[in-house]
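Written out below as structure tokens is the structure these notes cover.
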There are 2 protein chains.
Amino acid sequence: MKIKKVTIADIANELSVSKTLVSLVLNGKGDSTSINKNTQQKVINKAKELKYIPNQVARGLRMGKTKTLGLLVADISNPFFARITRTIEHYAEKEGYSLIVCSSDEDKDREIRLINMLLNRQVDGIIMTSTLDNPDIIIQLVADKVPMVLMDRYFEGVETNYVGVDNRDASKNAIKHFIKNGHTNIGLITLTPGYISSLMDRKQGYIDAMYEADLTITEKNFLEIDYENLKNKDYSTIKSFITNSKPTSIFTTNNSIAIGCMEVLRKLKLSIPEDISLITFDDVELFKFTSPALSSIAQPIEDIGKQTVSIILEQLKTGNLINKRKVLNTKLIIRDS
Amino acid sequence: MKIKKVTIADIANELSVSKTLVSLVLNGKGDSTSINKNTQQKVINKAKELKYIPNQVARGLRMGKTKTLGLLVADISNPFFARITRTIEHYAEKEGYSLIVCSSDEDKDREIRLINMLLNRQVDGIIMTSTLDNPDIIIQLVADKVPMVLMDRYFEGVETNYVGVDNRDASKNAIKHFIKNGHTNIGLITLTPGYISSLMDRKQGYIDAMYEADLTITEKNFLEIDYENLKNKDYSTIKSFITNSKPTSIFTTNNSIAIGCMEVLRKLKLSIPEDISLITFDDVELFKFTSPALSSIAQPIEDIGKQTVSIILEQLKTGNLINKRKVLNTKLIIRDS
DNA sequence: CTGAAAGCGCTAACAA
DNA sequence: TTGTTAGCGCTTTCAG
């Protein structure tokens, strides 16, 4: 099927020079190895004429680096991750790196498979939002000196790079906003894999604020919805949570939950913010236009992507693992909800 | 930096067997080549013990296939493409394929660079939404027998695979809906690279409907907004279009334009649908919750992804290029706008 | 200034 | 039942 491929050997043969020379010239090392300008031009012309396509795979094998980064997110179709991916792609491309993108679907077995797949493919580094409950694999990666940066979620006690936001403080602020407006029965809806650091911190921020205001918290304040259910738009638990706990305000820990929540409130004919107030983590462009405009905590997506790539590139360039921790600022955007 | 890697040679040495044997066993060909069950187990154990990671790059070089697909979209951060990517990832992974994802940003030079990058990386096939005005490169790819499928956008006269929707008919229906509701001054806002097939067809559908209803169309009915401006949220041309042409209804050819449009209408204090009606191509989950709920043309995203992968896999399996054309159905969702 | 040769890790004839 | 050998296409000493 594939048409015979042109290799440097072909160019070398046609020109009766060595592969070495061709390789040197084609890699821009012609001048530094002082190869005849004339010969250089001939090589370049011939390459063009033959429509030579350098084989990155062979190159990767030889050089031990593929110029590829693995990007493992929870779900690429979530606008938060999609936008981050775009910025990561942008900054990675500047340095000649491509991205193998994959989604874990918040499934840890799947994530492990994907990490192995990335390792098989010899990616030069891995950027990931891990959904693991046990960081052993991550620790192993560090031990194996795999350049890596955790995004959005970290692991307590694991020495590696992390880029994210102060989830705890951001959530605390949101809850304080509720409290300031007289709310006392504040519900929190979060996701099931309860060990995910960002989600835990968001919950903790909630607790902090409630505690500080001397408000009591019981199990009735919390709902954990299963990722699978959320994905399948099965919002039944949200519905019963709202009807049972009757919160006057709700804090959701990510954008998908917020959407589910709006769906339920609409079905229940409860209006926002008259009946129930809503603030969510993650800002989505359209929240501005929803009815009512949704209040949210916006993450600095562009910056998260930029910092992430910059850290991984630093490791790739210096050849040393580093251990940076970048906690960026969020913005609480109060709209009409 | 990288720790010494374990190869099949290491396993072979430790066990005093040949690399061949190890390779055979590890690839599950132990039985078919009737290798001693015992030996097989020893190899497997040793591989585990040494934490052997197969090198896909070496394998790819040797076998001439990388088990990687290139996915080139206009912009991965656009929810339409993000969702398609997710489904493509899903179906590709089932067959062991990974995705190198990249965004062209509707920039043809960039797209050409990215196609070359994918070719360099020896992807086994390419799935793309091309933004090219000139299909020469695509024709060349076909000539070079690169498995490929065009998504969303095709090229007239180019014999290759395509998966998309009937843009023309879908748009025509939307406009007919406007007309049925008494609109005569209907604006169309689309994107600048006017040669993109899906966009052209959407415009043509508009023209069809207007023509059929004996409504006159002038230049004042059309606005083409530059992709860069749209991306930078520079909506000034939309604003002047609306104030000048004073349409009573607007059809936007994709979701980003619709968002820009809402932004402008809000600034202009024009309400939907009282002052201006709006229908857009592409449905976004949140349109249901915008104020007012936006009417849209929904594409069968799941199916587009599924068909796309299925076509490319068929080519990969049979080793023959095929030439399929799948035109899927859209759904006009009339909400409150 | 240019070339020969080795080898990255793997698979697949072909031998034994 | 297992091993030898020859590359895949490329880069890179080391020689000339």
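The way I read the labels, and the way they are meant: chains A, B, ... in the order of the structure tokens, residue 1 as the first residue of every chain, and ligand 1 as the first ligand shown, with later ones counted on from there.
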Find the residues of chain D in contact range of chain B, meaning any atom within 7 Å when counting only C-alpha atoms (C1' of nucleotides), and list them as an NGL selection string. :D and (1 or 3 or 8)
Please identify all polymer residues within 12 Å of Arg113 of chain A, counting only C-alpha atoms (C1' of nucleotides), omitting same-chain residues fewer than 6 positions from it, and present them as a PDB file with C-alpha atoms, in the first residue's frame.
```pdb
ATOM      1  CA  LEU A  72      -3.291  12.474  29.667  1.00  0.00           C
ATOM      2  CA  CYS A 102      -5.636  10.553  25.686  1.00  0.00           C
ATOM      3  CA  SER A 103      -8.511  10.577  28.155  1.00  0.00           C
ATOM      4  CA  SER A 104      -8.611   8.482  31.289  1.00  0.00           C
ATOM      5  CA  ASP A 107     -10.874   5.354  35.400  1.00  0.00           C
ATOM      6  CA  LEU A 119       5.858   4.814  27.836  1.00  0.00           C
ATOM      7  CA  ASN A 120       5.804   2.206  25.063  1.00  0.00           C
ATOM      8  CA  LEU A 132      -5.137   7.472  40.576  1.00  0.00           C
ATOM      9  CA  ILE A 137       2.923   4.448  39.588  1.00  0.00           C
TER      10      ILE A 137
ATOM     11  CA  GLU B  93      -8.100   2.917  21.070  1.00  0.00           C
ATOM     12  CA  GLY B  96      -4.728  -0.139  19.599  1.00  0.00           C
TER      13      GLY B  96
END
```
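Using only C-alpha atoms (C1' of nucleotides), the chain C residues found within 9 Å of chain B amount to DC8, DG9, DC10, DT11 and DA12 of chain C.
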If DSSP is run on the backbone, what residues of segment 187-274 of chain B are alpha helix (DSSP H)? A reply as a PyMOL selection string would be ideal. chain B and resi 197-212+227-231+236-245+255-267
Using 7 Å as the limit and counting only C-alpha atoms, can you tabulate each residue of chain A that touches chain B, with its shortest atom-to-atom distance in Å and the two atoms involved, as CSV?
```
residue,atom,partner,partner_atom,distance
A:Met1,CA,B:Gly319,CA,5.6
A:Lys2,CA,B:Lys145,CA,5.8
A:Ile3,CA,B:Asp144,CA,5.9
A:Ile53,CA,B:Asn120,CA,6.0
A:Pro54,CA,B:Asn120,CA,5.6
A:Asn55,CA,B:Asn120,CA,5.2
A:Gln56,CA,B:Arg121,CA,5.0
A:Val57,CA,B:Arg121,CA,6.0
A:Ala58,CA,B:Leu61,CA,5.9
A:Leu61,CA,B:Ala58,CA,5.9
A:Ile76,CA,B:Arg86,CA,6.1
A:Ser77,CA,B:Arg83,CA,4.6
A:Pro79,CA,B:Pro79,CA,6.4
A:Ala82,CA,B:Ser77,CA,4.7
A:Arg83,CA,B:Ser77,CA,4.6
A:Arg86,CA,B:Ser77,CA,5.8
A:Ser98,CA,B:Ile100,CA,6.9
A:Leu99,CA,B:Ile100,CA,5.5
A:Ile100,CA,B:Ile100,CA,4.5
A:Val101,CA,B:Leu99,CA,6.2
A:Asn120,CA,B:Asn55,CA,5.2
A:Arg121,CA,B:Gln56,CA,5.0
A:Gln122,CA,B:Asn55,CA,6.8
A:Asp144,CA,B:Ile3,CA,5.9
A:Lys145,CA,B:Lys2,CA,5.8
A:Val146,CA,B:Lys2,CA,6.9
A:Leu286,CA,B:Leu286,CA,6.7
A:Phe289,CA,B:Thr290,CA,5.1
A:Thr290,CA,B:Thr290,CA,3.7
A:Ser291,CA,B:Ser291,CA,4.9
A:Gly319,CA,B:Met1,CA,5.5
A:Asn320,CA,B:Met1,CA,6.2
```
Least-squares superpose chain B onto chain A - every C-alpha atom, paired in order - and show me the moved coordinates as a compact mmCIF listing (two decimals) with C-alpha atoms, in the first residue's frame.
```
# COMPACT_ATOMS: atom_id res chain seq x y z
CA MET B 1 -0.07 0.20 -0.06
CA LYS B 2 2.49 2.70 1.07
CA ILE B 3 4.48 3.87 -1.87
CA LYS B 4 8.20 3.19 -1.65
CA LYS B 5 9.63 5.72 0.67
CA VAL B 6 12.51 7.97 -0.14
CA THR B 7 15.34 7.73 2.37
CA ILE B 8 18.60 9.52 2.79
CA ALA B 9 20.22 6.48 1.19
CA ASP B 10 18.33 7.21 -2.03
CA ILE B 11 19.54 10.76 -2.02
CA ALA B 12 23.06 9.63 -1.24
CA ASN B 13 23.02 7.12 -4.06
CA GLU B 14 21.69 9.45 -6.68
CA LEU B 15 24.33 11.95 -5.74
CA SER B 16 27.06 9.40 -5.14
CA VAL B 17 27.81 10.74 -1.72
CA SER B 18 27.51 9.11 1.65
CA LYS B 19 24.46 8.96 3.87
CA THR B 20 26.41 10.81 6.52
CA LEU B 21 26.83 13.77 4.30
CA VAL B 22 23.18 13.85 3.41
CA SER B 23 22.17 13.52 7.01
CA LEU B 24 24.49 16.29 8.07
CA VAL B 25 23.30 18.67 5.40
CA LEU B 26 19.64 17.96 5.95
CA ASN B 27 20.04 18.61 9.64
CA GLY B 28 21.60 21.97 9.07
CA LYS B 29 24.96 20.77 10.25
CA GLY B 30 26.48 21.29 6.86
CA ASP B 31 28.19 24.49 7.76
CA SER B 32 29.48 23.48 11.13
CA THR B 33 31.09 20.43 9.57
CA SER B 34 32.23 22.62 6.72
CA ILE B 35 30.68 20.76 3.86
CA ASN B 36 31.03 22.27 0.43
CA LYS B 37 28.29 24.84 -0.16
CA ASN B 38 27.82 23.37 -3.56
CA THR B 39 27.36 19.86 -2.31
CA GLN B 40 24.97 21.11 0.30
CA GLN B 41 22.81 22.76 -2.28
CA LYS B 42 22.82 19.65 -4.43
CA VAL B 43 21.66 17.56 -1.52
CA ILE B 44 18.91 19.97 -0.67
CA ASN B 45 17.72 20.14 -4.23
CA LYS B 46 17.74 16.41 -4.64
CA ALA B 47 15.81 15.98 -1.41
CA LYS B 48 13.17 18.32 -2.71
CA GLU B 49 13.14 16.67 -6.10
CA LEU B 50 12.68 13.24 -4.61
CA LYS B 51 10.14 14.58 -2.12
CA TYR B 52 12.15 13.26 0.72
CA ILE B 53 10.29 12.98 4.01
CA PRO B 54 12.53 12.55 7.04
CA ASN B 55 11.52 9.56 9.09
CA GLN B 56 11.04 10.77 12.63
CA VAL B 57 10.58 7.26 13.87
CA ALA B 58 14.01 6.14 12.75
CA ARG B 59 15.40 9.35 14.08
CA GLY B 60 13.61 8.83 17.35
CA LEU B 61 14.96 5.35 17.71
CA ARG B 62 18.46 6.45 16.98
CA MET B 63 18.46 9.54 19.15
CA GLY B 64 16.45 8.13 21.98
CA LYS B 65 13.96 10.95 21.87
CA THR B 66 10.76 11.32 19.95
CA LYS B 67 9.94 14.99 20.29
CA THR B 68 6.55 13.85 21.48
CA LEU B 69 4.78 14.64 24.71
CA GLY B 70 2.04 12.57 26.22
CA LEU B 71 -0.96 14.52 27.41
CA LEU B 72 -3.30 12.59 29.63
CA VAL B 73 -6.44 14.40 30.72
CA ALA B 74 -9.62 13.24 32.34
CA ASP B 75 -11.74 13.98 29.31
CA ILE B 76 -10.72 15.94 26.27
CA SER B 77 -14.33 16.80 25.51
CA ASN B 78 -14.62 18.78 28.74
CA PRO B 79 -14.13 22.41 27.70
CA PHE B 80 -11.72 22.96 30.55
CA PHE B 81 -9.35 20.30 29.28
CA ALA B 82 -9.97 21.12 25.65
CA ARG B 83 -8.85 24.68 26.20
CA ILE B 84 -5.84 23.63 28.22
CA THR B 85 -4.90 21.21 25.49
CA ARG B 86 -4.99 23.99 22.96
CA THR B 87 -2.59 26.13 24.91
CA ILE B 88 -0.29 23.22 25.62
CA GLU B 89 -0.28 22.35 21.95
CA HIS B 90 0.59 25.94 21.19
CA TYR B 91 3.58 26.15 23.48
CA ALA B 92 4.80 22.63 22.79
CA GLU B 93 4.73 23.17 19.07
CA LYS B 94 7.00 26.17 19.36
CA GLU B 95 9.72 23.82 20.48
CA GLY B 96 8.92 21.15 17.94
CA TYR B 97 6.98 18.84 20.20
CA SER B 98 3.81 17.05 19.20
CA LEU B 99 1.15 15.76 21.51
CA ILE B 100 -0.32 12.33 21.94
CA VAL B 101 -3.58 13.14 23.64
CA CYS B 102 -5.64 10.70 25.64
CA SER B 103 -8.53 10.71 28.10
CA SER B 104 -8.62 8.61 31.23
CA ASP B 105 -12.34 9.05 31.80
CA GLU B 106 -11.53 9.19 35.51
CA ASP B 107 -10.89 5.47 35.33
CA LYS B 108 -7.69 4.49 37.06
CA ASP B 109 -7.17 1.20 35.27
CA ARG B 110 -7.62 2.98 32.03
CA GLU B 111 -5.18 5.62 33.13
CA ILE B 112 -2.56 3.02 33.95
CA ARG B 113 -3.00 1.49 30.52
CA LEU B 114 -2.63 4.87 28.91
CA ILE B 115 0.50 5.72 30.87
CA ASN B 116 2.01 2.48 29.71
CA MET B 117 0.96 3.20 26.18
CA LEU B 118 2.72 6.55 26.37
CA LEU B 119 5.81 4.91 27.78
CA ASN B 120 5.74 2.31 25.01
CA ARG B 121 5.66 5.10 22.54
CA GLN B 122 8.71 6.63 24.11
CA VAL B 123 7.24 10.04 24.69
CA ASP B 124 9.83 12.45 25.99
CA GLY B 125 7.62 13.58 28.80
CA ILE B 126 4.15 13.25 30.25
CA ILE B 127 1.69 15.92 31.29
CA MET B 128 -1.25 14.58 33.18
CA THR B 129 -4.25 15.09 35.34
CA SER B 130 -4.08 11.87 37.22
CA THR B 131 -7.13 10.11 38.55
CA LEU B 132 -5.15 7.56 40.51
CA ASP B 133 -5.93 6.88 44.15
CA ASN B 134 -2.53 5.41 44.71
CA PRO B 135 0.52 7.33 43.54
CA ASP B 136 2.82 4.31 43.28
CA ILE B 137 2.90 4.53 39.53
CA ILE B 138 3.74 8.20 39.66
CA ILE B 139 6.48 7.53 42.15
CA GLN B 140 7.81 4.86 39.85
CA LEU B 141 7.82 7.32 36.97
CA VAL B 142 9.81 9.76 39.03
CA ALA B 143 12.23 7.00 39.99
CA ASP B 144 12.58 6.12 36.33
CA LYS B 145 13.33 9.75 35.66
CA VAL B 146 10.47 10.28 33.29
CA PRO B 147 9.99 14.02 32.82
CA MET B 148 6.52 14.74 34.03
CA VAL B 149 4.23 17.40 35.32
CA LEU B 150 1.00 16.90 37.14
CA MET B 151 -1.70 19.30 36.18
CA ASP B 152 -4.73 20.21 38.24
CA ARG B 153 -4.16 17.32 40.65
CA TYR B 154 -1.16 16.46 42.78
CA PHE B 155 -0.22 13.76 45.21
CA GLU B 156 0.70 14.50 48.77
CA GLY B 157 4.29 13.59 49.40
CA VAL B 158 5.23 12.85 45.82
CA GLU B 159 8.18 14.87 44.64
CA THR B 160 7.35 15.99 41.18
CA ASN B 161 6.14 18.99 39.28
CA TYR B 162 2.69 20.37 39.69
CA VAL B 163 0.76 23.18 38.12
CA GLY B 164 -2.65 24.05 39.41
CA VAL B 165 -4.65 26.49 41.45
CA ASP B 166 -5.42 26.97 45.10
CA ASN B 167 -8.57 24.94 45.03
CA ARG B 168 -9.14 25.09 48.72
CA ASP B 169 -8.92 28.80 49.04
CA ALA B 170 -10.94 29.44 45.91
CA SER B 171 -13.75 27.23 47.12
CA LYS B 172 -13.65 28.75 50.56
CA ASN B 173 -14.16 32.15 49.01
CA ALA B 174 -17.10 30.98 47.00
CA ILE B 175 -18.76 29.53 50.06
CA LYS B 176 -18.03 32.66 52.04
CA HIS B 177 -19.87 34.53 49.37
CA PHE B 178 -22.89 32.32 49.96
CA ILE B 179 -22.65 32.78 53.69
CA LYS B 180 -22.35 36.51 53.39
CA ASN B 181 -25.61 36.42 51.51
CA GLY B 182 -27.33 34.66 54.34
CA HIS B 183 -27.17 31.07 53.21
CA THR B 184 -26.76 28.45 55.88
CA ASN B 185 -27.89 25.31 54.14
CA ILE B 186 -25.26 25.05 51.45
CA GLY B 187 -24.95 21.90 49.41
CA LEU B 188 -21.78 20.62 47.84
CA ILE B 189 -21.91 18.37 44.81
CA THR B 190 -18.73 16.72 43.77
CA LEU B 191 -17.45 13.71 41.89
CA THR B 192 -17.07 10.18 43.08
CA PRO B 193 -13.38 9.47 42.94
CA GLY B 194 -13.19 11.33 46.20
CA TYR B 195 -9.44 11.03 46.51
CA ILE B 196 -8.66 13.38 43.63
CA SER B 197 -6.68 16.19 45.20
CA SER B 198 -8.35 19.07 43.47
CA LEU B 199 -11.77 17.75 44.42
CA MET B 200 -10.72 17.05 47.97
CA ASP B 201 -9.33 20.54 48.30
CA ARG B 202 -12.49 22.04 46.93
CA LYS B 203 -14.45 20.14 49.49
CA GLN B 204 -12.06 21.16 52.21
CA GLY B 205 -12.46 24.79 51.23
CA TYR B 206 -16.16 24.35 51.69
CA ILE B 207 -15.63 22.87 55.11
CA ASP B 208 -13.23 25.65 56.07
CA ALA B 209 -15.74 28.32 55.25
CA MET B 210 -18.60 26.61 57.01
CA TYR B 211 -16.49 25.97 60.04
CA GLU B 212 -15.30 29.52 60.19
CA ALA B 213 -18.88 30.70 60.12
CA ASP B 214 -19.91 28.23 62.79
CA LEU B 215 -22.32 26.52 60.47
CA THR B 216 -23.03 22.89 61.02
CA ILE B 217 -22.27 20.37 58.34
CA THR B 218 -23.79 16.95 58.11
CA GLU B 219 -23.74 14.24 55.50
CA LYS B 220 -26.85 15.84 54.07
CA ASN B 221 -24.74 18.71 52.82
CA PHE B 222 -22.71 16.52 50.52
CA LEU B 223 -23.39 14.63 47.36
CA GLU B 224 -20.85 12.63 45.44
CA ILE B 225 -21.97 11.78 41.97
CA ASP B 226 -20.45 8.98 40.00
CA TYR B 227 -18.42 10.05 36.99
CA GLU B 228 -20.08 7.45 34.78
CA ASN B 229 -23.51 8.68 35.74
CA LEU B 230 -22.52 12.23 35.07
CA LYS B 231 -21.17 11.27 31.69
CA ASN B 232 -24.37 9.43 30.85
CA LYS B 233 -26.39 12.35 32.05
CA ASP B 234 -27.96 10.29 34.75
CA TYR B 235 -28.73 13.01 37.24
CA SER B 236 -31.06 11.07 39.48
CA THR B 237 -28.83 11.36 42.53
CA ILE B 238 -28.67 15.10 42.11
CA LYS B 239 -32.39 15.22 41.98
CA SER B 240 -32.91 13.29 45.17
CA PHE B 241 -30.16 15.24 46.86
CA ILE B 242 -31.89 18.49 46.14
CA THR B 243 -35.34 17.31 47.07
CA ASN B 244 -34.11 15.70 50.27
CA SER B 245 -31.57 18.16 51.53
CA LYS B 246 -33.35 21.24 50.24
CA PRO B 247 -30.24 23.41 50.13
CA THR B 248 -30.71 27.10 49.45
CA SER B 249 -27.46 27.22 47.62
CA ILE B 250 -25.21 24.74 45.88
CA PHE B 251 -21.54 24.65 45.11
CA THR B 252 -20.52 22.28 42.33
CA THR B 253 -16.91 21.25 41.96
CA ASN B 254 -16.74 21.29 38.20
CA ASN B 255 -18.52 22.50 35.12
CA SER B 256 -20.17 19.23 34.12
CA ILE B 257 -21.79 18.90 37.50
CA ALA B 258 -23.05 22.45 37.23
CA ILE B 259 -24.71 21.63 33.95
CA GLY B 260 -26.31 18.55 35.43
CA CYS B 261 -27.48 20.65 38.30
CA MET B 262 -29.09 23.22 36.08
CA GLU B 263 -30.83 20.45 34.25
CA VAL B 264 -32.27 19.09 37.46
CA LEU B 265 -33.29 22.46 38.82
CA ARG B 266 -35.11 23.17 35.63
CA LYS B 267 -36.97 19.87 35.82
CA LEU B 268 -37.80 20.58 39.43
CA LYS B 269 -39.05 23.99 38.42
CA LEU B 270 -36.73 25.58 40.89
CA SER B 271 -35.32 28.83 39.71
CA ILE B 272 -31.87 30.24 40.19
CA PRO B 273 -31.15 32.21 42.27
CA GLU B 274 -34.65 32.75 43.72
CA ASP B 275 -34.99 29.20 44.99
CA ILE B 276 -31.42 28.04 44.90
CA SER B 277 -28.15 29.83 44.34
CA LEU B 278 -25.39 28.18 42.38
CA ILE B 279 -21.68 28.67 42.09
CA THR B 280 -19.44 26.27 40.27
CA PHE B 281 -15.77 25.59 39.88
CA ASP B 282 -14.56 26.14 36.30
CA ASP B 283 -15.78 28.90 34.11
CA VAL B 284 -17.16 28.12 30.69
CA GLU B 285 -17.56 30.78 28.08
CA LEU B 286 -21.28 30.23 27.83
CA PHE B 287 -21.97 30.59 31.53
CA LYS B 288 -22.15 34.27 30.84
CA PHE B 289 -25.19 33.66 28.69
CA THR B 290 -27.01 31.04 30.64
CA SER B 291 -30.19 31.88 32.38
CA PRO B 292 -29.30 33.13 34.83
CA ALA B 293 -25.67 33.88 34.15
CA LEU B 294 -23.77 31.40 36.24
CA SER B 295 -21.32 32.45 38.91
CA SER B 296 -18.11 30.52 38.78
CA ILE B 297 -14.51 30.17 39.74
CA ALA B 298 -12.37 30.74 36.69
CA GLN B 299 -9.03 29.05 36.35
CA PRO B 300 -6.19 30.75 34.46
CA ILE B 301 -6.23 28.23 31.64
CA GLU B 302 -3.76 29.94 29.38
CA ASP B 303 -1.28 30.24 32.20
CA ILE B 304 -1.72 26.68 33.39
CA GLY B 305 -0.87 25.41 29.93
CA LYS B 306 2.04 27.75 29.55
CA GLN B 307 3.63 26.92 32.89
CA THR B 308 3.13 23.23 32.37
CA VAL B 309 4.96 23.21 29.08
CA SER B 310 7.66 25.46 30.37
CA ILE B 311 8.40 23.09 33.23
CA ILE B 312 8.50 20.03 31.06
CA LEU B 313 10.71 21.76 28.52
CA GLU B 314 13.11 22.79 31.21
CA GLN B 315 13.51 19.18 32.19
CA LEU B 316 13.94 18.11 28.61
CA LYS B 317 16.55 20.75 27.97
CA THR B 318 18.64 20.34 31.07
CA GLY B 319 18.18 16.63 31.23
CA ASN B 320 17.45 16.89 34.92
CA LEU B 321 14.26 16.27 36.74
CA ILE B 322 13.08 19.25 38.69
CA ASN B 323 10.47 19.67 41.31
CA LYS B 324 8.41 22.76 40.89
CA ARG B 325 5.08 23.65 42.29
CA LYS B 326 3.13 26.42 40.65
CA VAL B 327 -0.08 27.44 42.30
CA LEU B 328 -1.87 29.99 40.18
CA ASN B 329 -4.66 32.35 41.03
CA THR B 330 -8.32 31.82 40.32
CA LYS B 331 -10.98 34.41 39.95
CA LEU B 332 -14.38 34.26 41.57
CA ILE B 333 -16.82 35.60 39.04
CA ILE B 334 -20.10 36.51 40.60
CA ARG B 335 -22.86 36.74 38.04
CA ASP B 336 -26.55 36.28 38.64
CA SER B 337 -26.78 32.84 40.12
```
Residue set, segment 43-239 of chain B restricted to strand (DSSP E or B), as an MDAnalysis selection string: chainID B and resid 68:73 98:103 125:128 148:151 161:165 186:191 222:225
Any chance you could export the current selection's C-alpha atoms as a compact mmCIF listing (two decimals), in the first residue's frame?
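The result, written out as selection00.txt:
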```txt
# COMPACT_ATOMS: atom_id res chain seq x y z
CA THR B 68 -0.70 6.03 15.45
CA LEU B 69 -3.29 8.15 13.72
CA GLY B 70 -2.94 11.82 13.01
CA LEU B 71 -5.95 13.91 13.90
CA LEU B 72 -5.93 17.37 12.46
CA VAL B 73 -8.81 19.62 13.45
CA SER B 98 -3.19 6.35 19.54
CA LEU B 99 -3.83 9.85 18.35
CA ILE B 100 -1.49 12.70 17.61
CA VAL B 101 -3.83 15.64 17.83
CA CYS B 102 -3.19 19.03 16.31
CA SER B 103 -5.08 22.21 15.48
CA GLY B 125 -3.41 7.37 8.69
CA ILE B 126 -4.72 10.90 8.87
CA ILE B 127 -8.13 12.17 9.86
CA MET B 128 -8.63 15.81 9.14
CA MET B 148 -7.01 9.33 5.08
CA VAL B 149 -10.48 10.54 5.77
CA LEU B 150 -11.75 14.05 5.50
CA MET B 151 -14.11 15.06 8.20
CA ASN B 161 -13.07 9.38 2.05
CA TYR B 162 -15.37 11.87 3.62
CA VAL B 163 -17.61 11.86 6.64
CA GLY B 164 -19.86 14.80 7.29
CA VAL B 165 -23.39 16.07 7.16
CA ILE B 186 -32.23 37.25 7.24
CA GLY B 187 -28.55 37.73 7.90
CA LEU B 188 -25.89 35.10 7.47
CA ILE B 189 -22.67 35.29 9.42
CA THR B 190 -19.93 32.96 8.43
CA LEU B 191 -16.17 32.60 8.56
CA PHE B 222 -23.83 38.42 4.38
CA LEU B 223 -21.00 38.89 6.79
CA GLU B 224 -17.75 37.00 6.72
CA ILE B 225 -15.80 37.31 9.90
```
Quick one: pull the distance between atom C1' of DA13 of chain C and atom C1' of DT11 of chain D, Å, one decimal.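 According to the coordinates, atom C1' of DA13 of chain C and atom C1' of DT11 of chain D are separated by 27.4 Å.
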